[in-house]
>>> print(open('start_14.tsv').read())   # TSV, C-alpha atoms
chain	number	residue	atom	x	y	z
A	273	MET	CA	0.00	0.00	0.00
A	274	THR	CA	1.45	3.37	-1.02
A	275	THR	CA	1.77	6.26	1.43
A	276	LYS	CA	-0.96	8.16	-0.40
A	277	THR	CA	-3.32	5.19	-0.24
A	278	LEU	CA	-2.59	4.73	3.46
A	279	VAL	CA	-3.36	8.37	4.21
A	280	VAL	CA	-6.65	8.19	2.33
A	281	ALA	CA	-7.60	4.99	4.16
A	282	LEU	CA	-6.84	6.59	7.52
A	283	LEU	CA	-8.91	9.65	6.67
A	284	ILE	CA	-11.85	7.49	5.61
A	285	GLY	CA	-11.56	5.54	8.85
A	286	MET	CA	-11.49	8.73	10.90
A	287	LEU	CA	-14.53	10.14	9.10
A	288	ALA	CA	-16.42	6.90	9.53
A	289	GLY	CA	-15.61	6.90	13.24
A	290	CYS	CA	-16.84	10.47	13.61
A	291	ALA	CA	-20.03	9.64	11.72
A	292	THR	CA	-20.96	7.00	14.30
A	293	ARG	CA	-20.76	9.33	17.30
A	294	THR	CA	-24.14	10.05	18.87
A	295	SER	CA	-24.98	13.70	19.51
A	296	VAL	CA	-26.31	14.69	22.93
A	297	HIS	CA	-28.04	18.08	23.21
A	298	VAL	CA	-27.95	19.11	26.87
A	299	TYR	CA	-30.58	21.63	27.94
A	300	ALA	CA	-28.63	23.27	30.76
A	301	ARG	CA	-30.76	26.30	31.60
A	302	TYR	CA	-30.89	25.41	35.31
A	303	MET	CA	-27.29	24.19	35.71
A	304	ASN	CA	-24.39	26.29	36.93
A	305	GLU	CA	-21.17	26.51	34.93
A	306	GLN	CA	-19.35	23.88	36.98
A	307	GLU	CA	-22.21	21.39	36.62
A	308	GLN	CA	-22.32	21.99	32.88
A	309	GLN	CA	-18.58	21.39	32.52
A	310	ARG	CA	-18.67	18.16	34.54
A	311	LEU	CA	-21.53	16.74	32.52
A	312	GLN	CA	-20.05	17.77	29.19
A	313	GLN	CA	-16.64	16.30	30.03
A	314	SER	CA	-18.16	13.03	31.26
A	315	LEU	CA	-20.22	12.58	28.12
A	316	GLU	CA	-17.36	13.50	25.77
A	317	GLN	CA	-14.98	11.15	27.56
A	318	ASN	CA	-17.48	8.38	26.84
A	319	GLY	CA	-17.56	9.09	23.11
A	320	PHE	CA	-20.52	11.44	22.70
A	321	ASP	CA	-20.66	14.71	20.79
A	322	VAL	CA	-22.11	17.27	23.23
A	323	THR	CA	-23.88	20.56	22.58
A	324	LEU	CA	-24.92	22.71	25.55
A	325	ASN	CA	-27.72	25.26	25.31
A	326	THR	CA	-29.84	27.39	27.65
A	327	LEU	CA	-33.06	27.25	25.65
A	328	GLY	CA	-36.43	27.20	27.36
A	329	PHE	CA	-38.11	23.95	28.35
A	330	PRO	CA	-41.50	22.76	27.08
A	331	ALA	CA	-44.11	22.95	29.82
A	332	SER	CA	-44.57	19.18	29.54
A	333	ILE	CA	-41.04	18.62	30.93
A	334	GLU	CA	-41.51	18.54	34.71
A	335	ALA	CA	-38.47	16.45	35.73
A	336	SER	CA	-35.09	15.58	34.22
A	337	THR	CA	-35.89	13.80	30.97
A	338	LEU	CA	-33.99	12.04	28.18
A	339	LEU	CA	-35.51	12.17	24.71
A	340	TYR	CA	-34.16	10.00	21.89
A	341	SER	CA	-34.49	10.06	18.13
A	342	LEU	CA	-36.31	7.22	16.44
A	343	LEU	CA	-33.27	7.02	14.12
A	344	LEU	CA	-30.87	6.39	17.02
A	345	LYS	CA	-28.41	3.78	15.73
A	346	ASN	CA	-27.30	2.41	19.10
A	347	SER	CA	-30.13	2.00	21.61
A	348	GLN	CA	-27.57	1.29	24.35
A	349	ASP	CA	-26.68	4.98	24.24
A	350	ILE	CA	-29.92	5.70	26.12
A	351	ASP	CA	-28.84	3.65	29.14
A	352	HIS	CA	-25.28	4.89	28.83
A	353	VAL	CA	-26.24	8.58	29.01
A	354	THR	CA	-28.71	7.88	31.82
A	355	LYS	CA	-25.99	6.19	33.90
A	356	ILE	CA	-23.46	8.97	33.24
A	357	ALA	CA	-26.02	11.56	34.40
A	358	GLY	CA	-26.83	9.44	37.45
A	359	ARG	CA	-23.19	9.33	38.55
A	360	LEU	CA	-23.26	13.14	38.57
A	361	GLY	CA	-26.38	13.26	40.73
A	362	ILE	CA	-28.84	13.82	37.88
A	363	THR	CA	-31.81	11.45	38.16
A	364	VAL	CA	-33.39	10.93	34.74
A	365	ALA	CA	-37.05	10.49	35.64
A	366	HIS	CA	-38.41	9.97	32.13
A	367	VAL	CA	-37.12	8.47	28.89
A	368	ARG	CA	-39.24	9.19	25.83
A	369	SER	CA	-39.00	8.79	22.06
A	370	LEU	CA	-39.28	11.80	19.80
A	371	THR	CA	-42.12	11.57	17.31
A	372	GLU	CA	-42.51	15.26	16.53
A	373	GLY	CA	-40.53	18.48	16.47
A	374	ASN	CA	-37.93	20.15	14.32
A	375	HIS	CA	-35.37	18.68	11.97
A	376	TRP	CA	-32.69	17.60	14.44
A	377	TYR	CA	-35.08	15.02	15.89
A	378	THR	CA	-34.58	12.98	12.72
A	379	LYS	CA	-30.84	12.64	13.39
A	380	ASP	CA	-28.83	10.15	15.44
A	381	SER	CA	-29.21	12.18	18.62
A	382	LEU	CA	-30.42	12.47	22.19
A	383	ALA	CA	-31.72	15.41	24.19
A	384	LEU	CA	-31.12	15.63	27.93
A	385	PHE	CA	-33.28	18.13	29.82
A	386	VAL	CA	-31.79	18.69	33.28
A	387	LEU	CA	-34.07	20.04	35.98
A	388	PRO	CA	-33.36	20.52	39.69
A	389	GLU	CA	-34.89	18.15	42.22
A	390	ASN	CA	-38.38	19.09	43.47
A	391	PHE	CA	-39.00	21.25	40.41
A	392	THR	CA	-42.16	23.36	40.84
A	393	GLY	CA	-42.78	24.22	37.18
A	394	VAL	CA	-41.46	27.81	37.26
A	395	LEU	CA	-38.16	28.85	38.84
A	396	LYS	CA	-37.04	32.37	39.59
A	397	VAL	CA	-34.67	32.37	36.62
A	398	ASP	CA	-37.67	31.75	34.34
A	399	LEU	CA	-39.05	35.17	35.30
A	400	HIS	CA	-36.02	37.25	34.29
A	401	HIS	CA	-37.77	38.58	31.19
A	402	ARG	CA	-39.67	41.44	29.60
A	403	PHE	CA	-43.41	40.78	29.79
A	404	ILE	CA	-45.88	42.64	27.58
A	405	SER	CA	-49.49	43.45	28.34
A	406	ASP	CA	-52.15	41.14	26.91
A	407	LYS	CA	-55.96	41.21	26.92
A	408	CYS	CA	-55.66	44.88	27.76
A	409	PRO	CA	-56.25	48.30	26.09
A	410	GLN	CA	-52.96	49.63	27.50
A	411	THR	CA	-49.66	48.68	25.92
A	412	LEU	CA	-47.15	48.16	28.70
A	413	ALA	CA	-43.89	46.33	29.25
A	414	LEU	CA	-42.98	44.86	32.65
A	415	THR	CA	-39.31	43.90	32.98
A	416	LEU	CA	-38.25	41.66	35.87
A	417	HIS	CA	-34.50	42.08	36.29
A	418	SER	CA	-32.21	39.40	37.72
A	419	ASN	CA	-31.13	41.75	40.54
A	420	GLY	CA	-34.67	41.72	41.98
A	421	THR	CA	-35.83	45.06	40.60
A	422	PHE	CA	-38.58	45.74	38.07
A	423	ASP	CA	-39.53	48.47	35.63
A	424	VAL	CA	-42.90	49.20	34.06
A	425	HIS	CA	-42.80	51.18	30.83
A	426	GLN	CA	-45.73	52.35	28.80
A	427	THR	CA	-45.10	51.72	25.11
A	428	GLY	CA	-48.41	52.61	23.48
A	429	PRO	CA	-50.66	55.57	22.64
A	430	TYR	CA	-51.32	56.58	26.28
A	431	HIS	CA	-47.73	57.71	26.63
A	432	GLN	CA	-48.67	61.35	27.27
A	433	ASN	CA	-51.49	60.62	29.73
A	434	ARG	CA	-50.53	62.04	33.13
A	435	ASP	CA	-52.70	59.46	34.89
A	436	MET	CA	-50.61	56.74	33.29
A	437	PRO	CA	-46.92	57.45	34.05
A	438	ASP	CA	-44.59	56.02	31.43
A	439	SER	CA	-42.23	54.41	33.94
A	440	ARG	CA	-42.46	52.77	37.33
A	441	HIS	CA	-39.84	51.01	39.44
A	442	GLY	CA	-39.61	48.75	42.46
A	443	THR	CA	-38.63	45.29	43.66
A	444	TRP	CA	-40.16	41.91	42.90
A	445	TYR	CA	-40.38	38.72	44.94
A	446	TYR	CA	-41.08	35.08	44.13
A	447	ARG	CA	-41.47	33.66	47.60
A	448	GLN	CA	-43.89	30.82	46.92
A	449	PRO	CA	-45.07	29.38	43.59
A	450	PRO	CA	-47.12	30.31	41.72
A	451	TYR	CA	-47.36	33.89	43.04
A	452	LEU	CA	-45.37	36.99	42.06
A	453	GLU	CA	-45.24	40.06	44.30
A	454	LEU	CA	-44.32	43.57	43.11
A	455	ARG	CA	-43.45	46.36	45.56
A	456	ALA	CA	-43.30	49.85	44.09
A	457	ALA	CA	-40.42	52.12	45.04
A	458	ASN	CA	-42.86	54.58	46.68
A	459	GLY	CA	-43.41	52.01	49.44
A	460	ARG	CA	-47.20	52.22	49.12
A	461	ASP	CA	-48.22	50.21	46.06
A	462	PHE	CA	-48.22	46.42	46.13
A	463	SER	CA	-49.25	44.12	43.29
A	464	TYR	CA	-49.76	40.37	43.09
A	465	TYR	CA	-49.94	38.02	40.11
A	466	GLN	CA	-50.53	34.33	39.65
A	467	ILE	CA	-48.04	32.66	37.30
A	468	TYR	CA	-49.11	30.23	34.59
A	469	LYS	CA	-46.78	28.34	32.27
A	470	ARG	CA	-47.86	26.35	29.24
A	471	SER	CA	-46.80	25.34	25.73
A	472	GLU	CA	-48.39	26.83	22.64
A	473	SER	CA	-47.50	26.70	18.95
A	474	ASP	CA	-47.99	28.49	15.67
A	475	ILE	CA	-46.91	27.81	12.09
A	476	VAL	CA	-43.27	28.56	12.97
A	477	SER	CA	-42.60	26.48	16.08
A	478	ALA	CA	-43.65	25.52	19.57
A	479	MET	CA	-43.52	28.24	22.23
A	480	GLN	CA	-43.21	28.31	25.98
A	481	VAL	CA	-45.56	30.96	27.37
A	482	ILE	CA	-45.45	32.42	30.87
A	483	ARG	CA	-48.52	34.44	31.72
A	484	LEU	CA	-49.01	36.71	34.76
A	485	THR	CA	-52.67	36.99	35.74
A	486	PRO	CA	-53.44	39.86	38.13
A	487	LEU	CA	-54.83	39.24	41.57
A	488	GLN	CA	-54.09	42.87	42.40
A	489	GLY	CA	-52.50	44.37	39.31
A	490	ILE	CA	-50.17	47.33	38.91
A	491	ARG	CA	-51.83	50.75	39.11
A	492	GLN	CA	-51.17	51.53	35.43
A	493	ALA	CA	-53.19	48.52	34.27
A	494	PRO	CA	-54.82	46.75	37.22
A	495	HIS	CA	-56.77	44.23	35.11
A	496	CYS	CA	-54.19	43.46	32.45
A	497	GLU	CA	-52.43	40.16	32.03
A	498	MET	CA	-48.69	40.21	31.26
A	499	MET	CA	-47.15	37.66	28.93
A	500	TYR	CA	-43.71	36.39	27.90
A	501	ALA	CA	-43.28	33.91	25.05
A	502	GLU	CA	-40.11	32.05	24.05
A	503	ARG	CA	-39.83	29.96	20.90
A	504	LEU	CA	-38.61	26.41	21.49
A	505	LEU	CA	-36.45	26.21	18.41
A	506	GLN	CA	-34.29	23.11	18.55
A	507	PRO	CA	-30.53	23.18	17.88
A	508	THR	CA	-29.18	21.83	14.63
>>> encode(input="start_14.tsv", output="structure tokens")
Amino acid sequence: MTTKTLVVALLIGMLAGCATRTSVHVYARYMNEQEQQRLQQSLEQNGFDVTLNTLGFPASIEASTLLYSLLLKNSQDIDHVTKIAGRLGITVAHVRSLTEGNHWYTKDSLALFVLPENFTGVLKVDLHHRFISDKCPQTLALTLHSNGTFDVHQTGPYHQNRDMPDSRHGTWYYRQPPYLELRAANGRDFSYYQIYKRSESDIVSAMQVIRLTPLQGIRQAPHCEMMYAERLLQPT
């Protein structure tokens, strides 16, 4: 065998080896950096291609779950990934096949959704977003910042109305699911919302929707619901 032929044979062998590696998409939204690194290293050391992301979770995922493609070439990979996760303290509560979704589901791949123990459906990190008013004549934006503060900004046609100030500030609390508390900076106004989380979809993709329904709404729009929607686009 000539040197050129040997090189070509080695390259073909390397490409074939790479082609057989199973991809694991780790949904790591609720993991800290150290936990992510440990899991990624453990999976890669056992021959898996790993992609980490912090995408939102479908509302149907209520505990750590492993999803597998129907085109998975090696079914033993399911048990292998489950055991690797278990050694790191991640209990995979559900294993399900993928029968719907976007294009990557048709590949030789797995998806590992990692949730903390005793998951309640909505964690504080899920609320660090900009919510917009819904089912309401006013057009407002409520932003819940990660430092525990909030801002309310009016974005619509009532901007010049003196009875509807265009900005409001304060602190927010998530003491007990599913209730959100807002305390205005003036120390007098308190607001309370009940939090709902569910999956919806349109012609583009599935969406995770978090809706805040007022029990005692903010003064600017006391009867308005606030909504945040995140598309659940899958990685390629």
>>> closest_residue(input="start_14.tsv", among="A:Thr323, A:Ser369, A:Asn318, A:Gln488", to="Leu454 in chain A", atoms="all atoms listed in the file")
A:Gln488
>>> atom_distance(input="start_14.tsv", atom1="CA of Asn346 in chain A", atom2="CA of Ala383 in chain A")
14.6 Å
>>> closest_residue(input="start_14.tsv", among="A:Leu452, A:His366, A:Pro388, A:Asn419", to="Ser332 in chain A", atoms="all atoms listed in the file")
A:His366
>>> residues_near_point(input="start_14.tsv", point="(-43.3, 29.3, 18.5)", cutoff="12 Å", atoms="only C-alpha atoms", output="ChimeraX atom specification")
/A:328,330,373-374,471-481,500-506
>>> residues_around(input="start_14.tsv", residues="Leu315 in chain A", least_positions_apart="4", cutoff="9 Å", atoms="all atoms listed in the file", output="PyMOL selection string")
chain A and resi 296+310-311+319-322+353+356-357
>>> closest_residue(input="start_14.tsv", among="A:Ala365, A:Ile404, A:Leu384, A:Ala335", to="Leu416 in chain A", atoms="only C-alpha atoms")
A:Ile404
>>> closest_residue(input="start_14.tsv", among="A:Gly358, A:Gly393, A:Pro409, A:Gly442", to="Cys496 in chain A", atoms="all atoms listed in the file")
A:Pro409
>>> residues_near_point(input="start_14.tsv", point="(-49.3, 32.0, 37.2)", cutoff="6 Å", atoms="only C-alpha atoms", output="list in words")
Pro450, Gln466, Ile467, Tyr468 and Leu484 of chain A
>>> closest_atom_pairs(input="start_14.tsv", of="range 282-352 of chain A", to="range 394-398 of chain A", cutoff="10 Å", atoms="all atoms listed in the file", output="Markdown table")
| residue | atom | partner | partner_atom | distance |
| --- | --- | --- | --- | --- |
| A:Arg301 | CA | A:Val397 | CA | 8.8 |
| A:Tyr302 | CA | A:Val397 | CA | 8.0 |
| A:Gly328 | CA | A:Asp398 | CA | 8.4 |
| A:Phe329 | CA | A:Asp398 | CA | 9.8 |
| A:Ala331 | CA | A:Val394 | CA | 9.3 |
| A:Glu334 | CA | A:Val394 | CA | 9.6 |
>>> residues_around(input="start_14.tsv", residues="Arg455 in chain A", least_positions_apart="4", cutoff="8 Å", atoms="only C-alpha atoms", output="CSV table (one decimal) with C-alpha atoms, keeping the file's coordinate frame")
chain,number,residue,atom,x,y,z
A,442,GLY,CA,-39.6,48.8,42.5
A,443,THR,CA,-38.6,45.3,43.7
A,444,TRP,CA,-40.2,41.9,42.9
A,459,GLY,CA,-43.4,52.0,49.4
A,460,ARG,CA,-47.2,52.2,49.1
A,461,ASP,CA,-48.2,50.2,46.1
A,462,PHE,CA,-48.2,46.4,46.1
A,463,SER,CA,-49.2,44.1,43.3
>>> atom_distance(input="start_14.tsv", atom1="CA of Phe403 in chain A", atom2="CA of Pro486 in chain A")
13.1 Å
>>> atom_distance(input="start_14.tsv", atom1="CA of Met303 in chain A", atom2="CA of Ser347 in chain A")
26.4 Å
>>> closest_residue(input="start_14.tsv", among="A:Leu324, A:His297, A:Ile482, A:Leu343", to="His400 in chain A", atoms="all atoms listed in the file")
A:Ile482
>>> closest_residue(input="start_14.tsv", among="A:Ile490, A:Glu305, A:Leu387, A:Gln348", to="Gly361 in chain A", atoms="all atoms listed in the file")
A:Leu387
